[in-house]
file data00.txt (compact mmCIF, C-alpha atoms)
# COMPACT_ATOMS: atom_id res chain seq x y z
CA MET A 1 1.49 18.30 -20.50
CA ILE A 2 -0.44 16.30 -23.12
CA ASN A 3 0.50 12.68 -23.85
CA ASN A 4 -0.43 12.53 -27.54
CA LYS A 5 -0.62 8.74 -27.74
CA PHE A 6 -2.77 8.44 -24.60
CA PHE A 7 -6.52 8.29 -24.97
CA GLY A 8 -7.61 6.45 -21.83
CA ARG A 9 -9.87 3.46 -21.75
CA LYS A 10 -13.52 4.22 -22.18
CA ARG A 11 -14.98 3.15 -18.88
CA ALA A 12 -18.54 2.98 -17.63
CA GLU A 13 -19.81 6.50 -16.97
CA PRO A 14 -19.76 7.24 -13.24
CA THR A 15 -23.17 7.53 -11.57
CA ARG A 16 -21.91 10.82 -10.20
CA PRO A 17 -18.72 12.68 -10.94
CA ILE A 18 -15.60 11.26 -9.29
CA PRO A 19 -12.79 13.38 -7.86
CA PRO A 20 -9.82 14.45 -10.04
CA GLY A 21 -7.18 11.78 -10.67
CA GLN A 22 -9.49 8.94 -9.62
CA TYR A 23 -10.75 5.97 -11.68
CA LEU A 24 -13.83 3.83 -11.13
CA GLU A 25 -13.29 0.45 -9.53
CA ASP A 26 -15.91 -2.31 -9.46
CA GLY A 27 -14.08 -4.52 -6.98
CA PHE A 28 -13.18 -3.58 -3.44
CA PRO A 29 -9.38 -3.46 -3.21
CA VAL A 30 -7.72 -4.25 0.10
CA LEU A 31 -4.86 -1.96 1.08
CA SER A 32 -3.37 -2.27 4.55
CA ALA A 33 0.11 -1.44 5.81
CA GLY A 34 0.40 -4.73 7.70
CA PRO A 35 -1.37 -8.03 8.26
CA THR A 36 -5.15 -8.16 8.50
CA GLN A 37 -6.13 -7.89 12.15
CA ARG A 38 -8.28 -10.70 13.50
CA VAL A 39 -10.52 -9.01 16.04
CA ASP A 40 -12.79 -11.03 18.32
CA LYS A 41 -16.20 -9.40 18.73
CA ALA A 42 -16.47 -11.01 22.18
CA THR A 43 -13.55 -8.99 23.51
CA TRP A 44 -13.76 -5.95 21.20
CA ASP A 45 -14.66 -2.61 22.69
CA PHE A 46 -14.58 0.97 21.55
CA SER A 47 -13.78 4.07 23.59
CA ILE A 48 -14.16 7.79 23.16
CA GLU A 49 -11.62 9.91 24.98
CA ILE A 50 -11.69 13.65 25.47
CA GLY A 51 -8.19 14.72 26.37
CA ASP A 52 -7.14 12.31 29.10
CA ASP A 53 -10.67 11.29 30.12
CA THR A 54 -12.46 8.25 28.76
CA VAL A 55 -16.05 9.41 28.44
CA GLY A 56 -17.56 6.23 27.04
CA THR A 57 -16.77 2.59 26.25
CA TRP A 58 -18.98 0.28 24.19
CA THR A 59 -18.88 -3.46 23.67
CA TRP A 60 -20.08 -5.11 20.45
CA ASP A 61 -23.53 -5.64 21.98
CA ALA A 62 -23.67 -2.08 23.30
CA LEU A 63 -22.78 -0.70 19.87
CA ASN A 64 -25.52 -2.75 18.26
CA ALA A 65 -28.04 -1.56 20.86
CA LEU A 66 -27.58 2.07 19.77
CA PRO A 67 -29.66 3.64 16.98
CA GLN A 68 -28.42 2.24 13.65
CA THR A 69 -27.87 4.37 10.55
CA ASP A 70 -27.81 3.22 6.93
CA LEU A 71 -25.48 5.09 4.58
CA HIS A 72 -25.30 4.91 0.77
CA THR A 73 -22.08 6.54 -0.36
CA ASP A 74 -19.04 6.65 -2.65
CA LEU A 75 -15.50 5.77 -1.54
CA HIS A 76 -12.29 7.43 -2.72
CA CYS A 77 -8.88 5.85 -2.05
CA VAL A 78 -5.68 7.89 -2.32
CA THR A 79 -4.24 5.04 -4.43
CA LYS A 80 -6.54 6.43 -7.18
CA TRP A 81 -9.56 4.10 -7.16
CA SER A 82 -13.09 5.23 -6.38
CA LYS A 83 -16.02 2.92 -5.74
CA GLN A 84 -19.55 4.21 -6.13
CA ASP A 85 -22.83 3.20 -4.54
CA THR A 86 -21.61 1.33 -1.47
CA ASP A 87 -24.04 0.50 1.34
CA TRP A 88 -23.10 0.59 5.00
CA ARG A 89 -24.82 0.23 8.35
CA GLY A 90 -23.50 1.41 11.67
CA VAL A 91 -23.65 4.01 14.39
CA THR A 92 -22.94 7.70 13.94
CA ILE A 93 -20.32 9.34 16.13
CA ASP A 94 -23.15 11.71 17.10
CA ALA A 95 -25.11 8.77 18.55
CA LEU A 96 -22.07 7.60 20.52
CA LEU A 97 -21.44 11.08 21.93
CA ALA A 98 -25.13 11.42 22.81
CA ASP A 99 -25.03 8.01 24.53
CA ALA A 100 -22.00 9.19 26.52
CA GLY A 101 -23.88 12.37 27.39
CA VAL A 102 -21.18 14.69 26.08
CA GLN A 103 -21.18 17.53 23.56
CA PRO A 104 -18.83 17.09 20.61
CA PRO A 105 -15.64 19.00 21.43
CA ALA A 106 -14.11 21.33 18.88
CA GLY A 107 -10.62 20.59 17.64
CA PHE A 108 -9.34 17.33 16.23
CA ILE A 109 -9.52 13.60 16.74
CA MET A 110 -7.03 10.77 16.54
CA ALA A 111 -8.53 7.43 15.57
CA SER A 112 -6.64 4.36 16.83
CA SER A 113 -6.96 0.76 15.71
CA ASP A 114 -5.89 -2.74 16.56
CA GLY A 115 -2.47 -3.28 15.01
CA GLY A 116 -1.31 0.23 15.89
CA TYR A 117 -2.79 2.19 12.97
CA THR A 118 -3.78 5.80 13.64
CA THR A 119 -5.24 8.66 11.61
CA ASN A 120 -6.25 12.25 12.38
CA VAL A 121 -9.23 14.37 11.26
CA PRO A 122 -10.91 17.55 12.49
CA SER A 123 -13.76 16.88 14.95
CA ALA A 124 -16.15 18.69 12.62
CA ASP A 125 -15.60 15.94 10.04
CA VAL A 126 -16.97 13.13 12.20
CA ILE A 127 -20.05 14.89 13.66
CA ASP A 128 -23.40 15.89 12.13
CA GLY A 129 -23.67 12.44 10.55
CA LYS A 130 -20.34 12.69 8.68
CA GLY A 131 -18.54 9.91 10.58
CA LEU A 132 -19.80 6.46 11.55
CA LEU A 133 -18.58 3.25 13.10
CA VAL A 134 -19.74 0.66 10.54
CA HIS A 135 -20.13 -3.09 11.05
CA THR A 136 -22.18 -4.05 7.99
CA TYR A 137 -21.24 -3.71 4.30
CA ASP A 138 -23.73 -4.47 1.54
CA GLY A 139 -26.00 -6.25 4.03
CA GLU A 140 -23.27 -8.58 5.34
CA PRO A 141 -21.00 -8.45 8.38
CA LEU A 142 -17.93 -6.38 7.46
CA GLU A 143 -15.06 -8.72 6.55
CA ALA A 144 -11.78 -8.52 8.46
CA GLU A 145 -9.84 -7.54 5.30
CA HIS A 146 -12.07 -4.49 4.97
CA GLY A 147 -11.72 -3.57 8.64
CA GLY A 148 -14.33 -5.72 10.33
CA PRO A 149 -15.82 -6.27 12.75
CA VAL A 150 -15.95 -2.47 13.08
CA ARG A 151 -14.25 0.29 11.11
CA LEU A 152 -14.52 4.04 11.04
CA LEU A 153 -16.15 5.47 7.91
CA ILE A 154 -15.67 9.11 6.88
CA PRO A 155 -16.55 8.83 3.19
CA HIS A 156 -16.04 12.49 2.23
CA LEU A 157 -12.30 12.12 2.92
CA TYR A 158 -9.76 9.75 1.32
CA LEU A 159 -10.32 6.24 2.64
CA TRP A 160 -7.12 6.05 4.73
CA LYS A 161 -8.97 8.34 7.18
CA SER A 162 -11.61 5.59 7.63
CA ALA A 163 -9.51 3.51 10.02
CA LYS A 164 -10.02 -0.28 9.90
CA TRP A 165 -10.30 -2.32 13.14
CA ILE A 166 -11.18 0.84 15.07
CA ARG A 167 -10.79 0.83 18.85
CA SER A 168 -10.86 4.46 19.97
CA LEU A 169 -11.35 8.09 19.07
CA LYS A 170 -9.46 10.66 21.07
CA PHE A 171 -10.58 14.29 20.91
CA MET A 172 -7.61 16.69 21.05
CA ASP A 173 -7.20 20.47 21.07
CA LYS A 174 -4.36 20.38 18.54
CA ASP A 175 -4.01 18.46 15.29
CA GLU A 176 -1.40 15.69 15.26
CA PRO A 177 -0.35 13.47 12.36
CA GLY A 178 -1.42 9.83 12.35
CA PHE A 179 0.27 6.85 10.67
CA TRP A 180 0.22 7.87 6.99
CA GLU A 181 0.20 11.58 7.76
CA ARG A 182 3.63 11.19 9.38
CA TYR A 183 4.84 9.60 6.13
CA GLY A 184 3.85 12.66 4.10
CA TYR A 185 0.18 12.07 3.41
CA HIS A 186 -2.17 15.04 3.77
CA MET A 187 -3.38 16.11 7.21
CA TYR A 188 -6.94 16.60 5.90
CA GLY A 189 -7.29 14.48 2.72
CA ASP A 190 -10.16 16.03 0.73
CA PRO A 191 -10.43 14.01 -2.53
CA TRP A 192 -12.22 16.85 -4.35
CA ARG A 193 -9.24 19.13 -3.71
CA GLU A 194 -6.87 16.22 -4.43
CA GLN A 195 -5.17 16.54 -1.06
CA ARG A 196 -3.13 13.35 -1.38
CA TYR A 197 0.20 14.43 0.06
CA THR A 198 1.49 17.13 2.42
CA ASN A 199 0.77 20.61 1.07
CA ASP A 200 -1.26 19.37 -1.93
CA MET B 1 10.79 14.15 9.37
CA SER B 2 10.18 17.27 7.34
CA LEU B 3 6.60 17.79 6.27
CA ALA B 4 7.37 21.14 4.70
CA SER B 5 7.65 20.60 0.99
CA THR B 6 5.11 19.94 -1.71
CA ILE B 7 5.79 16.99 -4.00
CA GLU B 8 5.91 18.72 -7.39
CA TRP B 9 5.08 17.21 -10.76
CA GLN B 10 8.09 16.88 -13.06
CA ILE B 11 8.51 15.90 -16.68
CA ALA B 12 10.51 12.70 -16.99
CA THR B 13 12.09 11.47 -20.21
CA VAL B 14 12.08 7.77 -21.10
CA ARG B 15 15.72 6.81 -21.68
CA SER B 16 15.37 3.05 -22.14
CA ILE B 17 12.77 0.31 -22.33
CA HIS B 18 13.60 -3.31 -21.55
CA VAL B 19 11.30 -6.29 -22.03
CA GLU B 20 11.78 -8.18 -18.76
CA SER B 21 9.09 -10.83 -19.19
CA PRO B 22 6.08 -11.46 -21.44
CA ARG B 23 4.01 -9.14 -19.25
CA VAL B 24 6.58 -6.78 -17.72
CA LYS B 25 8.67 -3.98 -19.17
CA LEU B 26 11.27 -1.90 -17.36
CA PHE B 27 11.34 1.84 -18.05
CA THR B 28 14.32 4.02 -17.22
CA LEU B 29 13.06 7.56 -16.60
CA GLU B 30 15.42 10.51 -16.49
CA LEU B 31 14.32 13.28 -14.13
CA PRO B 32 15.37 16.94 -13.89
CA VAL B 33 15.56 16.64 -10.09
CA ILE B 34 15.65 13.49 -7.98
CA THR B 35 14.79 14.02 -4.34
CA PRO B 36 16.77 11.44 -2.36
CA PHE B 37 14.45 8.50 -1.81
CA ARG B 38 14.31 5.31 0.21
CA SER B 39 14.12 1.87 -1.33
CA GLY B 40 10.48 0.82 -1.40
CA GLN B 41 9.05 4.25 -2.18
CA HIS B 42 6.89 4.97 -5.22
CA PHE B 43 6.17 7.75 -7.69
CA ASP B 44 2.84 8.84 -9.14
CA VAL B 45 2.36 9.02 -12.91
CA ARG B 46 -0.13 11.42 -14.50
CA LEU B 47 -1.18 10.95 -18.12
CA THR B 48 -3.24 13.57 -19.97
CA ALA B 49 -5.08 12.72 -23.19
CA PRO B 50 -5.47 15.31 -25.98
CA ASP B 51 -9.12 15.75 -24.90
CA GLY B 52 -8.03 16.62 -21.36
CA TYR B 53 -8.87 13.26 -19.76
CA GLN B 54 -6.38 12.42 -17.03
CA ALA B 55 -5.37 9.20 -15.31
CA GLN B 56 -2.98 8.70 -12.41
CA ARG B 57 -1.33 5.56 -11.08
CA SER B 58 1.47 4.75 -8.65
CA TYR B 59 4.60 2.80 -9.58
CA SER B 60 7.27 1.56 -7.20
CA VAL B 61 10.86 2.38 -8.06
CA SER B 62 12.82 -0.81 -8.72
CA SER B 63 16.24 0.83 -9.08
CA SER B 64 18.56 1.53 -6.16
CA PRO B 65 18.33 4.89 -4.39
CA GLU B 66 22.12 4.93 -4.13
CA PRO B 67 24.46 6.51 -4.80
CA ALA B 68 22.02 9.37 -4.30
CA SER B 69 24.51 12.10 -5.26
CA ASN B 70 24.71 11.19 -8.93
CA LEU B 71 21.33 9.64 -9.66
CA THR B 72 19.75 11.00 -12.81
CA SER B 73 17.15 8.35 -13.44
CA ILE B 74 14.83 5.84 -11.81
CA GLU B 75 13.46 2.54 -13.06
CA PHE B 76 9.78 1.56 -13.12
CA THR B 77 8.70 -2.07 -13.36
CA VAL B 78 5.40 -2.00 -15.24
CA GLU B 79 3.21 -5.08 -15.53
CA LEU B 80 0.63 -5.06 -18.31
CA ILE B 81 -2.73 -5.21 -16.57
CA THR B 82 -5.76 -6.42 -18.53
CA ASP B 83 -7.84 -3.31 -19.34
CA GLY B 84 -5.24 -1.20 -17.52
CA GLU B 85 -5.30 2.18 -19.27
CA VAL B 86 -1.98 3.35 -17.85
CA SER B 87 -0.04 0.07 -18.04
CA SER B 88 -1.24 -0.51 -21.62
CA TYR B 89 -0.06 3.00 -22.52
CA PHE B 90 3.37 2.18 -21.13
CA HIS B 91 3.48 -1.18 -22.89
CA GLU B 92 1.95 -0.29 -26.23
CA ALA B 93 2.61 3.40 -26.83
CA VAL B 94 5.64 4.65 -24.92
CA GLU B 95 8.91 4.91 -26.86
CA VAL B 96 12.40 5.99 -25.89
CA GLY B 97 12.48 9.80 -25.81
CA ASP B 98 8.83 10.19 -24.79
CA GLN B 99 8.02 12.44 -21.85
CA ILE B 100 5.81 11.53 -18.89
CA GLU B 101 4.66 13.56 -15.89
CA ILE B 102 5.63 12.01 -12.57
CA ARG B 103 6.03 13.09 -8.94
CA GLY B 104 7.63 11.52 -5.92
CA PRO B 105 9.08 9.96 -3.90
CA ILE B 106 5.97 8.97 -1.96
CA GLY B 107 5.35 6.63 0.96
CA GLY B 108 7.58 5.77 3.87
CA HIS B 109 6.28 2.67 5.62
CA PHE B 110 7.19 0.02 3.05
CA THR B 111 10.81 1.14 3.01
CA TRP B 112 14.10 -0.39 4.04
CA SER B 113 17.47 1.04 5.00
CA PRO B 114 20.87 -0.66 4.70
CA ILE B 115 21.76 0.92 8.05
CA ALA B 116 19.65 -1.82 9.60
CA THR B 117 21.92 -4.85 9.81
CA LYS B 118 19.33 -7.19 11.28
CA PRO B 119 18.25 -10.10 9.11
CA VAL B 120 15.23 -9.37 6.96
CA MET B 121 12.82 -11.54 4.98
CA MET B 122 11.24 -10.46 1.70
CA ILE B 123 8.32 -12.22 0.06
CA ALA B 124 7.32 -11.06 -3.41
CA GLY B 125 4.63 -12.15 -5.82
CA GLY B 126 5.09 -11.29 -9.52
CA SER B 127 5.65 -7.57 -10.11
CA GLY B 128 5.49 -7.15 -6.32
CA ILE B 129 9.25 -7.66 -6.61
CA ALA B 130 9.62 -4.02 -7.77
CA PRO B 131 10.02 -2.17 -4.44
CA ILE B 132 11.91 -5.15 -2.99
CA MET B 133 14.31 -5.11 -5.96
CA SER B 134 15.19 -1.54 -5.00
CA MET B 135 16.00 -2.75 -1.47
CA ILE B 136 18.07 -5.69 -2.76
CA ARG B 137 20.00 -3.45 -5.14
CA GLN B 138 20.59 -0.87 -2.45
CA ARG B 139 21.89 -3.60 -0.16
CA SER B 140 24.19 -4.86 -2.92
CA ASN B 141 25.71 -1.49 -3.75
CA THR B 142 26.02 -0.19 -0.23
CA ALA B 143 29.55 0.28 1.02
CA ALA B 144 28.72 -1.15 4.45
CA ILE B 145 31.13 -3.79 5.63
CA GLU B 146 28.40 -5.68 7.41
CA LYS B 147 25.38 -6.26 5.23
CA SER B 148 22.13 -7.43 6.71
CA PRO B 149 21.35 -11.04 5.89
CA MET B 150 18.41 -11.08 3.50
CA LEU B 151 16.07 -13.86 2.42
CA LEU B 152 13.93 -13.45 -0.69
CA ILE B 153 11.13 -15.86 -1.45
CA PHE B 154 9.76 -14.93 -4.85
CA SER B 155 6.63 -16.36 -6.44
CA ALA B 156 6.29 -16.41 -10.23
CA ARG B 157 4.13 -18.37 -12.62
CA THR B 158 6.72 -19.86 -14.94
CA GLU B 159 10.43 -19.54 -15.61
CA ALA B 160 9.77 -16.83 -18.18
CA ASP B 161 7.86 -14.78 -15.61
CA ILE B 162 10.74 -14.52 -13.13
CA LEU B 163 11.67 -10.84 -13.10
CA PHE B 164 15.34 -9.93 -12.62
CA ALA B 165 16.22 -13.66 -12.62
CA THR B 166 19.84 -13.32 -13.75
CA GLU B 167 20.59 -10.46 -11.40
CA LEU B 168 19.00 -12.20 -8.39
CA GLU B 169 20.80 -15.47 -9.07
CA SER B 170 24.10 -13.68 -9.46
CA ILE B 171 23.68 -11.99 -6.08
CA ALA B 172 22.64 -15.28 -4.48
CA VAL B 173 25.72 -17.05 -5.89
CA ASN B 174 28.17 -14.34 -4.89
CA ASP B 175 26.82 -13.21 -1.54
CA THR B 176 26.50 -15.85 1.16
CA ASP B 177 24.24 -13.58 3.19
CA PHE B 178 21.66 -13.30 0.41
CA HIS B 179 19.31 -16.26 0.26
CA LEU B 180 17.00 -16.82 -2.69
CA LEU B 181 14.13 -19.16 -3.39
CA VAL B 182 11.92 -18.81 -6.44
CA ALA B 183 8.58 -20.61 -6.21
CA LEU B 184 7.16 -21.43 -9.63
CA THR B 185 3.43 -22.01 -9.42
CA ARG B 186 2.66 -23.10 -12.98
CA ALA B 187 5.86 -24.71 -14.18
CA GLU B 188 6.62 -28.34 -14.94
CA GLU B 189 9.04 -29.70 -12.40
CA VAL B 190 12.64 -30.14 -13.49
CA ALA B 191 15.50 -31.71 -11.63
CA PRO B 192 16.57 -29.43 -8.78
CA ASP B 193 20.26 -29.48 -9.82
CA ASN B 194 19.35 -28.03 -13.20
CA ARG B 195 17.83 -24.99 -11.67
CA PRO B 196 19.13 -23.84 -8.33
CA PHE B 197 17.04 -21.64 -6.07
CA ARG B 198 13.76 -23.12 -7.30
CA GLN B 199 10.75 -24.91 -5.93
CA PHE B 200 7.88 -26.08 -8.08
CA ARG B 201 4.90 -25.32 -5.92
CA ARG B 202 3.37 -22.24 -4.39
CA ILE B 203 4.81 -20.73 -1.23
CA ASP B 204 3.31 -22.44 1.78
CA ARG B 205 4.17 -22.49 5.44
CA PRO B 206 6.67 -25.39 5.08
CA THR B 207 8.43 -23.38 2.34
CA ILE B 208 8.94 -20.50 4.73
CA GLU B 209 9.93 -22.72 7.66
CA SER B 210 12.42 -24.59 5.50
CA GLU B 211 14.05 -21.40 4.21
CA LEU B 212 14.24 -19.95 7.71
CA SER B 213 15.94 -23.12 8.97
CA ASN B 214 18.84 -22.32 6.60
CA LEU B 215 19.48 -19.00 8.30
CA ALA B 216 21.76 -18.58 11.30
CA THR B 217 19.50 -15.91 12.77
CA HIS B 218 15.80 -15.56 12.16
CA PRO B 219 14.69 -12.32 10.48
CA SER B 220 13.33 -9.67 12.80
CA SER B 221 11.22 -8.06 10.11
CA ALA B 222 9.44 -8.97 6.92
CA TYR B 223 8.29 -7.19 3.78
CA ILE B 224 5.54 -8.69 1.62
CA CYS B 225 4.48 -7.23 -1.72
CA GLY B 226 2.15 -8.60 -4.37
CA GLY B 227 -1.50 -9.02 -5.20
CA SER B 228 -4.02 -8.73 -2.39
CA SER B 229 -4.81 -12.40 -1.87
CA PHE B 230 -1.12 -13.38 -2.13
CA VAL B 231 -0.12 -10.82 0.50
CA GLU B 232 -2.98 -11.89 2.75
CA ALA B 233 -1.91 -15.55 2.56
CA MET B 234 1.77 -14.77 3.16
CA ALA B 235 1.07 -12.44 6.10
CA ASN B 236 -1.04 -15.18 7.67
CA HIS B 237 1.83 -17.68 7.24
CA LEU B 238 4.22 -15.31 9.01
CA LEU B 239 1.79 -14.66 11.85
CA GLY B 240 1.31 -18.44 12.02
CA ILE B 241 5.02 -19.09 12.55
CA GLY B 242 5.07 -16.52 15.33
CA MET B 243 6.35 -13.34 13.72
CA PRO B 244 4.89 -10.33 15.56
CA ASN B 245 2.22 -8.34 13.78
CA ASN B 246 4.25 -5.13 13.89
CA SER B 247 7.31 -6.76 12.29
CA ILE B 248 5.42 -7.40 9.03
CA ARG B 249 5.08 -4.65 6.43
CA THR B 250 2.78 -5.20 3.48
CA GLU B 251 2.13 -3.53 0.17
CA ARG B 252 -0.85 -4.81 -1.84
CA PHE B 253 -2.08 -4.16 -5.31
CA GLY B 254 -5.09 -5.17 -7.34
CA PRO B 255 -8.66 -5.76 -6.21

call {"tool": "encode", "arguments": {"input": "data00.txt", "output": "structure tokens"}}
result
Amino acid sequence: MINNKFFGRKRAEPTRPIPPGQYLEDGFPVLSAGPTQRVDKATWDFSIEIGDDTVGTWTWDALNALPQTDLHTDLHCVTKWSKQDTDWRGVTIDALLADAGVQPPAGFIMASSDGGYTTNVPSADVIDGKGLLVHTYDGEPLEAEHGGPVRLLIPHLYLWKSAKWIRSLKFMDKDEPGFWERYGYHMYGDPWREQRYTND
Amino acid sequence: MSLASTIEWQIATVRSIHVESPRVKLFTLELPVITPFRSGQHFDVRLTAPDGYQAQRSYSVSSSPEPASNLTSIEFTVELITDGEVSSYFHEAVEVGDQIEIRGPIGGHFTWSPIATKPVMMIAGGSGIAPIMSMIRQRSNTAAIEKSPMLLIFSARTEADILFATELESIAVNDTDFHLLVALTRAEEVAPDNRPFRQFRRIDRPTIESELSNLATHPSSAYICGGSSFVEAMANHLLGIGMPNNSIRTERFGP
């Protein structure tokens, strides 16, 4: 339906198109379901599990010793804001799997974070350079409010899939809902298909 | 929990508009179908301009979800945001009788149920009171004999900015298990007896500790809603006084 008295605010033209229902945001909003986690890099580690087996564990130093990847990308949050031209540095999931000496399994992953947050994505969406563990934003250490010291980044999906304060990825044969997915958010979350909520 | 159904867009009709404060209006929206919802949930609004441009935003419901059987409308609490294309449409263009596309209810973490009788603490900043108001109203109109003790600490700039002031004070006066403190951050101090339930400084850790000391039992969970930096500060206070991380639910808005 048309709202005849609505014209929208003329905003800066996006550098590239943004997904339907999104608006451009210059700031970097913080949206978390609970308190900001304060994670100590000295005790932080990250694990990859395949089924019940832990195939690799990395400390902060070990993560930084792996090949580093720079990514220039746009972010899309299900709460309707998009932020263009963000710069990240981190380690691809491919590099972690290679370091562990394992082939990426088919199926799905569950990402788990400090504070109990979880989110699910297909394995295919974190390999071939599509998913990274990032520790640097815009040339600076990633702030705790934005998920630092290390968060997952899967920028082609809505940002709730990019779990803050990441601690593990578990590869699974079957898809399972994570934290927001259990509350009715979409299992996949493609912003270009506006998959905000279940069955969108 | 059923994950089966799609959340469909509906056309809501604006039935009333109330000026609640200089920056906040309340909109009563009548809906063809209201899926039973939980206090704290939100709806999405979709506006479409004559040239096809669309904008979506989320608004928390501030009315009670009960009694669910004969609900025909929900209330949105809309703060006018500088340069906000949707909030300015609500504030400057919407009239009673207008129609607006909405869908919901959405969200399930920042929700509360009157079935829980454990004491609960709410901390709200400005229009962050909206989802918490739904919880407070649900608690007030529930038929339960034993209502959970509830503490609300509510930050507002000045007296005129206190949303739902009369209603909150009335509940606080009449219900000994509902505790209220309004923290005015930009108001001149007046004698405490003139204005009950007030403090004239921002919410700090002593504020929270002092309010908790008035309760027989400490709250086992907390809900914080407001702007990002406000929520961050409040969550840190609660962690600082020893509340467990997983007992604190937050909802943040604004960059």

call {"tool": "residues_around", "arguments": {"input": "data00.txt", "residues": "segment 9-15 of chain B", "least_positions_apart": "5", "cutoff": "12 Å", "atoms": "only C-alpha atoms", "output": "VMD selection string"}}
result
(chain A and resid 1 to 3 200) or (chain B and resid 26 to 35 43 to 47 56 72 to 76 90 93 to 105)

call {"tool": "closest_atom_pairs", "arguments": {"input": "data00.txt", "of": "chain B", "to": "chain A", "cutoff": "7 Å", "atoms": "all atoms listed in the file", "output": "CSV"}}
result
residue,atom,partner,partner_atom,distance
B:Leu3,CA,A:Gly184,CA,6.2
B:Ser5,CA,A:Asn199,CA,6.9
B:Thr6,CA,A:Asn199,CA,5.2
B:Leu47,CA,A:Asn3,CA,6.2
B:Thr48,CA,A:Ile2,CA,5.0
B:Ala49,CA,A:Phe7,CA,5.0
B:Pro50,CA,A:Ile2,CA,5.9
B:Gln54,CA,A:Gly21,CA,6.4
B:Ala55,CA,A:Gly21,CA,5.6
B:Gln56,CA,A:Gly21,CA,5.5
B:Arg57,CA,A:Lys80,CA,6.6
B:Glu85,CA,A:Arg9,CA,5.4
B:Tyr89,CA,A:Phe6,CA,6.4
B:Ala93,CA,A:Lys5,CA,6.3
B:Gly107,CA,A:Tyr183,CA,6.0
B:Gly108,CA,A:Tyr183,CA,5.2
B:Ser228,CA,A:Val30,CA,6.3
B:Glu232,CA,A:Pro35,CA,6.9
B:Ala235,CA,A:Pro35,CA,5.5
B:Asn245,CA,A:Pro35,CA,6.6
B:Ile248,CA,A:Gly34,CA,5.8
B:Arg249,CA,A:Gly34,CA,4.8
B:Thr250,CA,A:Gly34,CA,4.9
B:Glu251,CA,A:Ala33,CA,6.3
B:Arg252,CA,A:Leu31,CA,5.7
B:Gly254,CA,A:Pro29,CA,6.2
B:Pro255,CA,A:Pro29,CA,3.8

call {"tool": "residues_around", "arguments": {"input": "data00.txt", "residues": "Asp114 of chain A", "least_positions_apart": "2", "cutoff": "10 Å", "atoms": "only C-alpha atoms", "output": "list in words"}}
result
Thr36, Gln37, Arg38, Val39, Trp44, Ser112, Gly116, Tyr117, Thr118, Gly147, Ala163, Lys164, Trp165, Ile166, Arg167 and Ser168 of chain A

call {"tool": "write_last_selection", "arguments": {"input": "data00.txt", "atoms": "C-alpha atoms", "output": "PDB file, keeping the file's coordinate frame"}}
result
ATOM      1  CA  THR A  36      -5.150  -8.160   8.500  1.00  0.00           C
ATOM      2  CA  GLN A  37      -6.130  -7.890  12.150  1.00  0.00           C
ATOM      3  CA  ARG A  38      -8.280 -10.700  13.500  1.00  0.00           C
ATOM      4  CA  VAL A  39     -10.520  -9.010  16.040  1.00  0.00           C
ATOM      5  CA  TRP A  44     -13.760  -5.950  21.200  1.00  0.00           C
ATOM      6  CA  SER A 112      -6.640   4.360  16.830  1.00  0.00           C
ATOM      7  CA  GLY A 116      -1.310   0.230  15.890  1.00  0.00           C
ATOM      8  CA  TYR A 117      -2.790   2.190  12.970  1.00  0.00           C
ATOM      9  CA  THR A 118      -3.780   5.800  13.640  1.00  0.00           C
ATOM     10  CA  GLY A 147     -11.720  -3.570   8.640  1.00  0.00           C
ATOM     11  CA  ALA A 163      -9.510   3.510  10.020  1.00  0.00           C
ATOM     12  CA  LYS A 164     -10.020  -0.280   9.900  1.00  0.00           C
ATOM     13  CA  TRP A 165     -10.300  -2.320  13.140  1.00  0.00           C
ATOM     14  CA  ILE A 166     -11.180   0.840  15.070  1.00  0.00           C
ATOM     15  CA  ARG A 167     -10.790   0.830  18.850  1.00  0.00           C
ATOM     16  CA  SER A 168     -10.860   4.460  19.970  1.00  0.00           C
TER      17      SER A 168
END

call {"tool": "residues_around", "arguments": {"input": "data00.txt", "residues": "Arg201 of chain B", "least_positions_apart": "6", "cutoff": "8 Å", "atoms": "only C-alpha atoms", "output": "PyMOL selection string"}}
result
chain B and resi 183-186

call {"tool": "write_last_selection", "arguments": {"input": "data00.txt", "atoms": "C-alpha atoms", "output": "PDB file, keeping the file's coordinate frame"}}
result
ATOM      1  CA  ALA B 183       8.580 -20.610  -6.210  1.00  0.00           C
ATOM      2  CA  LEU B 184       7.160 -21.430  -9.630  1.00  0.00           C
ATOM      3  CA  THR B 185       3.430 -22.010  -9.420  1.00  0.00           C
ATOM      4  CA  ARG B 186       2.660 -23.100 -12.980  1.00  0.00           C
TER       5      ARG B 186
END

call {"tool": "atom_distance", "arguments": {"input": "data00.txt", "atom1": "atom CA of Gln103 of chain A", "atom2": "atom CA of Asp128 of chain A"}}
result
11.8 Å

call {"tool": "atom_distance", "arguments": {"input": "data00.txt", "atom1": "atom CA of Asp138 of chain A", "atom2": "atom CA of Ala111 of chain A"}}
result
23.9 Å

call {"tool": "closest_residue", "arguments": {"input": "data00.txt", "among": "A:Gln68, A:Ser47, A:Thr73, A:Thr15", "to": "Lys170 of chain A", "atoms": "all atoms listed in the file"}}
result
A:Ser47

call {"tool": "closest_residue", "arguments": {"input": "data00.txt", "among": "A:Ile48, A:Ala65, A:Val150, A:Val126", "to": "Ala100 of chain A", "atoms": "only C-alpha atoms"}}
result
A:Ile48

call {"tool": "closest_residue", "arguments": {"input": "data00.txt", "among": "A:Leu66, A:Asp85, A:Lys161, A:Thr59", "to": "Asp99 of chain A", "atoms": "only C-alpha atoms"}}
result
A:Leu66
